[in-house]
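Asks: What follows is run00.cif; its format and atoms are mmCIF, C-alpha atoms, pLDDT in the B column; chains and numbers go by the auth columns.
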```cif
data_structure
#
loop_
_atom_site.group_PDB
_atom_site.id
_atom_site.type_symbol
_atom_site.label_atom_id
_atom_site.label_comp_id
_atom_site.label_asym_id
_atom_site.label_seq_id
_atom_site.Cartn_x
_atom_site.Cartn_y
_atom_site.Cartn_z
_atom_site.B_iso_or_equiv
_atom_site.auth_seq_id
_atom_site.auth_asym_id
ATOM 1 C CA MET A 1 13.496 -37.293 8.130 83.00 1067 A
ATOM 2 C CA VAL A 2 9.775 -38.033 8.300 90.00 1068 A
ATOM 3 C CA TYR A 3 9.927 -39.108 11.970 93.00 1069 A
ATOM 4 C CA ASP A 4 11.442 -35.753 12.960 93.00 1070 A
ATOM 5 C CA ARG A 5 8.593 -33.956 11.182 91.00 1071 A
ATOM 6 C CA ILE A 6 6.026 -36.086 13.029 93.00 1072 A
ATOM 7 C CA LYS A 7 7.758 -35.379 16.335 92.00 1073 A
ATOM 8 C CA GLN A 8 7.739 -31.631 15.665 92.00 1074 A
ATOM 9 C CA GLN A 9 4.101 -31.680 14.528 92.00 1075 A
ATOM 10 C CA MET A 10 3.037 -33.501 17.682 93.00 1076 A
ATOM 11 C CA MET A 11 4.933 -31.148 19.981 93.00 1077 A
ATOM 12 C CA ASP A 12 3.521 -28.114 18.144 93.00 1078 A
ATOM 13 C CA THR A 13 -0.092 -29.299 18.408 93.00 1079 A
ATOM 14 C CA LEU A 14 -0.180 -30.794 21.929 94.00 1080 A
ATOM 15 C CA PRO A 15 0.108 -27.903 24.423 95.00 1081 A
ATOM 16 C CA PHE A 16 -0.915 -30.051 27.420 96.00 1082 A
ATOM 17 C CA VAL A 17 1.946 -32.441 26.673 96.00 1083 A
ATOM 18 C CA ARG A 18 4.359 -29.489 26.621 95.00 1084 A
ATOM 19 C CA LEU A 19 2.867 -28.170 29.890 95.00 1085 A
ATOM 20 C CA LEU A 20 3.821 -31.432 31.628 96.00 1086 A
ATOM 21 C CA GLY A 21 7.354 -31.253 30.216 97.00 1087 A
ATOM 22 C CA ILE A 22 6.895 -34.423 28.187 98.00 1088 A
ATOM 23 C CA ARG A 23 9.430 -34.875 25.418 97.00 1089 A
ATOM 24 C CA ILE A 24 9.185 -37.196 22.426 97.00 1090 A
ATOM 25 C CA ASP A 25 12.696 -38.593 22.263 97.00 1091 A
ATOM 26 C CA GLU A 26 12.351 -41.037 19.401 97.00 1092 A
ATOM 27 C CA ILE A 27 9.822 -42.215 16.832 98.00 1093 A
ATOM 28 C CA GLY A 28 10.321 -45.249 14.608 97.00 1094 A
ATOM 29 C CA SER A 29 8.158 -47.490 12.455 97.00 1095 A
ATOM 30 C CA GLY A 30 5.461 -48.314 14.992 97.00 1096 A
ATOM 31 C CA THR A 31 7.656 -47.471 17.997 98.00 1097 A
ATOM 32 C CA SER A 32 8.340 -44.537 20.281 98.00 1098 A
ATOM 33 C CA LYS A 33 10.340 -43.415 23.290 98.00 1099 A
ATOM 34 C CA VAL A 34 8.940 -40.538 25.338 98.00 1100 A
ATOM 35 C CA SER A 35 10.119 -39.030 28.629 98.00 1101 A
ATOM 36 C CA MET A 36 8.826 -36.820 31.436 98.00 1102 A
ATOM 37 C CA PRO A 37 11.069 -35.015 33.926 97.00 1103 A
ATOM 38 C CA GLU A 38 10.957 -35.217 37.675 95.00 1104 A
ATOM 39 C CA ASP A 39 8.985 -32.163 38.799 95.00 1105 A
ATOM 40 C CA PRO A 40 7.225 -31.655 42.161 94.00 1106 A
ATOM 41 C CA LYS A 41 4.261 -30.141 40.275 95.00 1107 A
ATOM 42 C CA LEU A 42 3.653 -33.581 38.714 94.00 1108 A
ATOM 43 C CA ASN A 43 3.567 -35.425 42.036 93.00 1109 A
ATOM 44 C CA ASN A 44 0.709 -36.934 43.989 93.00 1110 A
ATOM 45 C CA HIS A 45 0.125 -37.013 47.754 94.00 1111 A
ATOM 46 C CA LEU A 46 2.810 -39.733 48.099 92.00 1112 A
ATOM 47 C CA GLY A 47 5.484 -37.594 46.463 92.00 1113 A
ATOM 48 C CA THR A 48 5.629 -39.833 43.388 92.00 1114 A
ATOM 49 C CA GLN A 49 4.443 -39.097 39.851 93.00 1115 A
ATOM 50 C CA HIS A 50 0.696 -38.522 39.616 95.00 1116 A
ATOM 51 C CA ALA A 51 -1.378 -41.149 37.793 95.00 1117 A
ATOM 52 C CA GLY A 52 -2.790 -38.487 35.444 96.00 1118 A
ATOM 53 C CA ALA A 53 0.692 -37.381 34.414 97.00 1119 A
ATOM 54 C CA LEU A 54 1.717 -41.008 33.845 97.00 1120 A
ATOM 55 C CA PHE A 55 -1.361 -41.611 31.736 97.00 1121 A
ATOM 56 C CA THR A 56 -0.606 -38.553 29.600 97.00 1122 A
ATOM 57 C CA LEU A 57 2.965 -39.793 29.138 98.00 1123 A
ATOM 58 C CA ALA A 58 1.637 -43.176 27.970 98.00 1124 A
ATOM 59 C CA GLU A 59 -1.002 -41.694 25.683 98.00 1125 A
ATOM 60 C CA THR A 60 1.662 -39.504 24.079 98.00 1126 A
ATOM 61 C CA ALA A 61 3.928 -42.518 23.555 98.00 1127 A
ATOM 62 C CA SER A 62 1.057 -44.469 22.019 98.00 1128 A
ATOM 63 C CA GLY A 63 0.243 -41.629 19.628 98.00 1129 A
ATOM 64 C CA ALA A 64 3.873 -41.273 18.608 98.00 1130 A
ATOM 65 C CA ALA A 65 4.183 -45.031 17.935 98.00 1131 A
ATOM 66 C CA MET A 66 0.905 -45.003 15.984 98.00 1132 A
ATOM 67 C CA ALA A 67 2.023 -42.002 13.912 97.00 1133 A
ATOM 68 C CA GLY A 68 5.420 -43.579 13.286 97.00 1134 A
ATOM 69 C CA GLY A 69 3.748 -46.745 12.044 97.00 1135 A
ATOM 70 C CA PHE A 70 1.729 -44.758 9.508 97.00 1136 A
ATOM 71 C CA ALA A 71 4.395 -42.108 8.848 95.00 1137 A
ATOM 72 C CA GLU A 72 3.942 -41.842 5.095 94.00 1138 A
ATOM 73 C CA LEU A 73 0.139 -41.580 5.458 94.00 1139 A
ATOM 74 C CA ILE A 74 -0.422 -39.768 8.768 92.00 1140 A
ATOM 75 C CA LEU A 75 -0.961 -36.261 7.377 89.00 1141 A
ATOM 76 C CA GLY A 76 -3.988 -37.512 5.437 92.00 1142 A
ATOM 77 C CA LEU A 77 -5.463 -39.390 8.395 95.00 1143 A
ATOM 78 C CA ARG A 78 -7.709 -38.541 11.322 95.00 1144 A
ATOM 79 C CA PRO A 79 -6.367 -40.442 14.355 96.00 1145 A
ATOM 80 C CA VAL A 80 -8.567 -40.837 17.427 96.00 1146 A
ATOM 81 C CA ALA A 81 -7.709 -42.619 20.669 96.00 1147 A
ATOM 82 C CA LYS A 82 -10.844 -44.722 21.145 97.00 1148 A
ATOM 83 C CA GLU A 83 -10.208 -46.546 24.429 97.00 1149 A
ATOM 84 C CA SER A 84 -7.432 -46.881 26.996 98.00 1150 A
ATOM 85 C CA ARG A 85 -6.541 -49.252 29.787 98.00 1151 A
ATOM 86 C CA ILE A 86 -3.814 -48.720 32.356 97.00 1152 A
ATOM 87 C CA GLN A 87 -2.451 -51.156 34.919 97.00 1153 A
ATOM 88 C CA TYR A 88 -0.311 -49.537 37.586 96.00 1154 A
ATOM 89 C CA GLN A 89 2.424 -51.886 38.769 95.00 1155 A
ATOM 90 C CA LYS A 90 4.557 -49.783 41.158 95.00 1156 A
ATOM 91 C CA VAL A 91 4.802 -46.142 42.196 93.00 1157 A
ATOM 92 C CA ALA A 92 6.897 -44.114 39.746 94.00 1158 A
ATOM 93 C CA LYS A 93 9.786 -42.365 41.473 93.00 1159 A
ATOM 94 C CA GLY A 94 11.671 -39.578 39.715 95.00 1160 A
ATOM 95 C CA ALA A 95 11.749 -38.953 35.993 97.00 1161 A
ATOM 96 C CA THR A 96 9.796 -41.414 33.878 98.00 1162 A
ATOM 97 C CA ARG A 97 10.012 -42.790 30.370 98.00 1163 A
ATOM 98 C CA ALA A 98 7.550 -44.636 28.185 98.00 1164 A
ATOM 99 C CA GLU A 99 8.137 -47.019 25.307 98.00 1165 A
ATOM 100 C CA GLY A 100 5.317 -47.499 22.828 98.00 1166 A
ATOM 101 C CA ARG A 101 4.879 -50.144 20.143 98.00 1167 A
ATOM 102 C CA VAL A 102 2.287 -51.245 17.634 98.00 1168 A
ATOM 103 C CA PRO A 103 2.183 -55.023 18.227 97.00 1169 A
ATOM 104 C CA GLY A 104 0.289 -55.790 15.029 90.00 1170 A
ATOM 105 C CA ASP A 105 1.509 -56.302 11.468 96.00 1171 A
ATOM 106 C CA LEU A 106 1.864 -52.774 10.083 97.00 1172 A
ATOM 107 C CA ALA A 107 1.620 -53.921 6.464 97.00 1173 A
ATOM 108 C CA ALA A 108 -1.673 -55.699 7.187 98.00 1174 A
ATOM 109 C CA LEU A 109 -3.010 -52.662 9.076 97.00 1175 A
ATOM 110 C CA LYS A 110 -2.109 -50.366 6.165 97.00 1176 A
ATOM 111 C CA ALA A 111 -3.762 -52.754 3.713 97.00 1177 A
ATOM 112 C CA GLU A 112 -6.948 -52.716 5.802 97.00 1178 A
ATOM 113 C CA LEU A 113 -6.837 -48.909 5.915 96.00 1179 A
ATOM 114 C CA LYS A 114 -6.458 -48.751 2.129 95.00 1180 A
ATOM 115 C CA GLU A 115 -9.263 -51.252 1.538 96.00 1181 A
ATOM 116 C CA GLN A 116 -11.740 -50.068 4.198 96.00 1182 A
ATOM 117 C CA GLY A 117 -10.786 -46.398 4.556 95.00 1183 A
ATOM 118 C CA LYS A 118 -10.374 -47.006 8.282 97.00 1184 A
ATOM 119 C CA VAL A 119 -8.551 -49.253 10.722 98.00 1185 A
ATOM 120 C CA ALA A 120 -8.561 -49.876 14.486 98.00 1186 A
ATOM 121 C CA PHE A 121 -5.682 -51.393 16.455 98.00 1187 A
ATOM 122 C CA PRO A 122 -4.015 -51.363 19.873 98.00 1188 A
ATOM 123 C CA VAL A 123 -0.750 -49.715 20.852 98.00 1189 A
ATOM 124 C CA GLU A 124 1.053 -51.059 23.917 98.00 1190 A
ATOM 125 C CA VAL A 125 3.097 -48.846 26.234 98.00 1191 A
ATOM 126 C CA ASP A 126 5.383 -49.639 29.165 98.00 1192 A
ATOM 127 C CA ILE A 127 6.225 -46.882 31.648 98.00 1193 A
ATOM 128 C CA PHE A 128 9.456 -47.025 33.655 98.00 1194 A
ATOM 129 C CA ASP A 129 10.630 -44.815 36.493 97.00 1195 A
ATOM 130 C CA ALA A 130 14.113 -43.368 37.011 96.00 1196 A
ATOM 131 C CA ALA A 131 15.394 -46.653 38.514 97.00 1197 A
ATOM 132 C CA GLY A 132 14.098 -48.634 35.512 97.00 1198 A
ATOM 133 C CA THR A 133 11.218 -50.157 37.481 97.00 1199 A
ATOM 134 C CA LEU A 134 8.127 -51.017 35.442 98.00 1200 A
ATOM 135 C CA ALA A 135 5.560 -48.569 36.853 97.00 1201 A
ATOM 136 C CA ALA A 136 2.617 -49.167 34.506 98.00 1202 A
ATOM 137 C CA GLN A 137 1.452 -50.987 31.407 98.00 1203 A
ATOM 138 C CA VAL A 138 -0.989 -49.264 29.100 98.00 1204 A
ATOM 139 C CA GLN A 139 -2.960 -50.163 26.004 98.00 1205 A
ATOM 140 C CA VAL A 140 -4.478 -47.454 23.837 98.00 1206 A
ATOM 141 C CA ASP A 141 -6.832 -48.487 21.046 98.00 1207 A
ATOM 142 C CA TRP A 142 -6.484 -46.172 18.054 98.00 1208 A
ATOM 143 C CA TYR A 143 -8.982 -45.607 15.251 98.00 1209 A
ATOM 144 C CA LEU A 144 -7.628 -44.143 12.015 97.00 1210 A
ATOM 145 C CA SER A 145 -9.739 -42.918 9.152 96.00 1211 A
ATOM 146 C CA GLU A 146 -9.165 -40.715 6.146 91.00 1212 A
ATOM 147 C CA LYS A 147 -9.489 -36.990 6.887 88.00 1213 A
ATOM 148 C CA ARG A 148 -12.902 -35.556 6.236 78.00 1214 A
ATOM 149 C CA ALA A 149 -13.145 -32.687 3.772 69.00 1215 A
#
```
With the file now loaded, output its structure as structure tokens.

Replies:
Amino acid sequence: MVYDRIKQQMMDTLPFVRLLGIRIDEIGSGTSKVSMPEDPKLNNHLGTQHAGALFTLAETASGAAMAGGFAELILGLRPVAKESRIQYQKVAKGATRAEGRVPGDLAALKAELKEQGKVAFPVEVDIFDAAGTLAAQVQVDWYLSEKRA
């Protein structure tokens, strides 16, 4: 399946993501589920997951959702995360998971890409800790353009 190929491609080309133990659990059409284990090496001075690790989890989930939304086109595209915003809600205790989604109309975004050769859009991500508590909300703005020769 195309989503499995995207998942494998991402894991093969993102060594920092692998270093943190992040796993892409699921990719769908504009959606993703990504997880990060509990590991003392990922903790901050409070003994909870470090903000940098949480951000990387969210950025990975946003990229997976973006790639899933453009699955049939992604190999010919140059995706760049242009801007990010994160709002921490609560400390994240234990293992964490992130759920990403493209809130826009994928068909309209693909039409813009076809017409303009580029498209920019947000991807929203919610991060939950082991107890299911919402730890952070993230928005990553992606810019896609056709690969340069």

Asks: Sorted by chain and rising residue number, list the residues of region 1180-1214 of chain A at most 10 Å from region 1094-1103 of chain A (counting all atoms listed in the file), each with its closest atom pair and distance in Å to one decimal, as a tab-separated table.

Replies:
```
residue	atom	partner	partner_atom	distance
A:Val1189	CA	A:Gly1096	CA	8.7
A:Glu1190	CA	A:Thr1097	CA	9.6
A:Val1191	CA	A:Ser1098	CA	9.0
A:Asp1192	CA	A:Lys1099	CA	9.9
A:Ile1193	CA	A:Ser1101	CA	9.3
A:Phe1194	CA	A:Ser1101	CA	9.5
A:Asp1195	CA	A:Met1102	CA	9.6
A:Ala1196	CA	A:Pro1103	CA	9.4
```

Asks: For the structure provided, state which residues fall under the PyMOL selection byres ((chain A and resi 1080) around 12), and present them as a PDB file with C-alpha atoms, in the coordinates of the input.

Replies:
```pdb
ATOM      1  CA  LYS A1073       7.758 -35.379  16.335  1.00 92.00           C
ATOM      2  CA  GLN A1074       7.739 -31.631  15.665  1.00 92.00           C
ATOM      3  CA  GLN A1075       4.101 -31.680  14.528  1.00 92.00           C
ATOM      4  CA  MET A1076       3.037 -33.501  17.682  1.00 93.00           C
ATOM      5  CA  MET A1077       4.933 -31.148  19.981  1.00 93.00           C
ATOM      6  CA  ASP A1078       3.521 -28.114  18.144  1.00 93.00           C
ATOM      7  CA  THR A1079      -0.092 -29.299  18.408  1.00 93.00           C
ATOM      8  CA  PRO A1081       0.108 -27.903  24.423  1.00 95.00           C
ATOM      9  CA  PHE A1082      -0.915 -30.051  27.420  1.00 96.00           C
ATOM     10  CA  VAL A1083       1.946 -32.441  26.673  1.00 96.00           C
ATOM     11  CA  ARG A1084       4.359 -29.489  26.621  1.00 95.00           C
ATOM     12  CA  LEU A1085       2.867 -28.170  29.890  1.00 95.00           C
ATOM     13  CA  LEU A1086       3.821 -31.432  31.628  1.00 96.00           C
ATOM     14  CA  GLY A1087       7.354 -31.253  30.216  1.00 97.00           C
ATOM     15  CA  ILE A1088       6.895 -34.423  28.187  1.00 98.00           C
ATOM     16  CA  ARG A1089       9.430 -34.875  25.418  1.00 97.00           C
ATOM     17  CA  ILE A1090       9.185 -37.196  22.426  1.00 97.00           C
ATOM     18  CA  THR A1122      -0.606 -38.553  29.600  1.00 97.00           C
ATOM     19  CA  LEU A1123       2.965 -39.793  29.138  1.00 98.00           C
ATOM     20  CA  GLU A1125      -1.002 -41.694  25.683  1.00 98.00           C
ATOM     21  CA  THR A1126       1.662 -39.504  24.079  1.00 98.00           C
ATOM     22  CA  GLY A1129       0.243 -41.629  19.628  1.00 98.00           C
ATOM     23  CA  ALA A1130       3.873 -41.273  18.608  1.00 98.00           C
TER      24      ALA A1130
END
```

Asks: For the provided coordinates, the residues matched by the PyMOL selection byres ((chain A and resi 1132) around 12) should be stated as an MDAnalysis selection string.

Replies: chainID A and resid 1069 1072:1073 1076 1093:1098 1125:1131 1133:1140 1143:1147 1165:1170 1172 1175:1176 1185:1191 1205:1210

Asks: May I have the residues from that selection written out with C-alpha atoms, as a short mmCIF file (atom, residue, chain, number, x, y, z; two decimals), in the coordinates of the input?

Replies:
```
data_model
loop_
_atom_site.label_atom_id
_atom_site.label_comp_id
_atom_site.auth_asym_id
_atom_site.auth_seq_id
_atom_site.Cartn_x
_atom_site.Cartn_y
_atom_site.Cartn_z
CA TYR A 1069 9.93 -39.11 11.97
CA ILE A 1072 6.03 -36.09 13.03
CA LYS A 1073 7.76 -35.38 16.34
CA MET A 1076 3.04 -33.50 17.68
CA ILE A 1093 9.82 -42.22 16.83
CA GLY A 1094 10.32 -45.25 14.61
CA SER A 1095 8.16 -47.49 12.46
CA GLY A 1096 5.46 -48.31 14.99
CA THR A 1097 7.66 -47.47 18.00
CA SER A 1098 8.34 -44.54 20.28
CA GLU A 1125 -1.00 -41.69 25.68
CA THR A 1126 1.66 -39.50 24.08
CA ALA A 1127 3.93 -42.52 23.56
CA SER A 1128 1.06 -44.47 22.02
CA GLY A 1129 0.24 -41.63 19.63
CA ALA A 1130 3.87 -41.27 18.61
CA ALA A 1131 4.18 -45.03 17.93
CA ALA A 1133 2.02 -42.00 13.91
CA GLY A 1134 5.42 -43.58 13.29
CA GLY A 1135 3.75 -46.74 12.04
CA PHE A 1136 1.73 -44.76 9.51
CA ALA A 1137 4.39 -42.11 8.85
CA GLU A 1138 3.94 -41.84 5.10
CA LEU A 1139 0.14 -41.58 5.46
CA ILE A 1140 -0.42 -39.77 8.77
CA LEU A 1143 -5.46 -39.39 8.40
CA ARG A 1144 -7.71 -38.54 11.32
CA PRO A 1145 -6.37 -40.44 14.36
CA VAL A 1146 -8.57 -40.84 17.43
CA ALA A 1147 -7.71 -42.62 20.67
CA GLU A 1165 8.14 -47.02 25.31
CA GLY A 1166 5.32 -47.50 22.83
CA ARG A 1167 4.88 -50.14 20.14
CA VAL A 1168 2.29 -51.24 17.63
CA PRO A 1169 2.18 -55.02 18.23
CA GLY A 1170 0.29 -55.79 15.03
CA LEU A 1172 1.86 -52.77 10.08
CA LEU A 1175 -3.01 -52.66 9.08
CA LYS A 1176 -2.11 -50.37 6.16
CA VAL A 1185 -8.55 -49.25 10.72
CA ALA A 1186 -8.56 -49.88 14.49
CA PHE A 1187 -5.68 -51.39 16.45
CA PRO A 1188 -4.01 -51.36 19.87
CA VAL A 1189 -0.75 -49.72 20.85
CA GLU A 1190 1.05 -51.06 23.92
CA VAL A 1191 3.10 -48.85 26.23
CA GLN A 1205 -2.96 -50.16 26.00
CA VAL A 1206 -4.48 -47.45 23.84
CA ASP A 1207 -6.83 -48.49 21.05
CA TRP A 1208 -6.48 -46.17 18.05
CA TYR A 1209 -8.98 -45.61 15.25
CA LEU A 1210 -7.63 -44.14 12.02
#
```

Asks: Using all atoms listed in the file, which of A:Leu1112, A:Glu1212, A:Arg1163, A:Ala1173 sits nearest Asp1091 (chain A)?

Replies: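 Closest to Asp1091 (chain A) of all the choices is A:Arg1163.
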
Asks: Written as a PyMOL selection string, what is the full residue list that the PyMOL selection byres ((chain A and resi 1105) around 12) yields on the file shown?

Replies: chain A and resi 1085-1088+1102-1104+1106-1110+1113-1116+1119+1159-1162

Asks: Taking only C-alpha atoms into account, which of A:Ser1211, A:Asp1070, A:Leu1200, A:Glu1092 comes nearest Gln1155 (chain A)?

Replies: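 Checking each of A:Ser1211, A:Asp1070, A:Leu1200, A:Glu1092 against Gln1155 (chain A), counting only C-alpha atoms, the winner is A:Leu1200.
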
Asks: Choose the residue, out of A:Ser1150, A:Arg1214, A:Gln1182, A:Ala1201, that has the smallest atom-to-atom separation from Leu1120 (chain A); count all atoms listed in the file.

Replies: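 Among the listed residues, the smallest separation from Leu1120 (chain A) belongs to A:Ala1201.
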
Asks: Would you mind reading off the distance between CA of Ile1152 (chain A) and CA of Val1204 (chain A), one decimal, in Å?

Replies: 4.3 Å

Asks: Report the distance between CA of Met1067 (chain A) and CA of Lys1213 (chain A) in Å, rounded to one decimal place.

Replies: 23.0 Å

Asks: Please, what distance in Å, to one decimal, runs between CA of Ala1174 (chain A) and CA of Gln1153 (chain A)?

Replies: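 We find that CA of Ala1174 (chain A) and CA of Gln1153 (chain A) lie 28.1 Å from each other.
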
Asks: Given the choices A:Leu1141, A:His1111, A:Glu1181, A:Asp1171, which gets closest to Val1068 (chain A) if the distance is worked out from only C-alpha atoms?

Replies: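 Counting only C-alpha atoms, the residue closest to Val1068 (chain A) is A:Leu1141.
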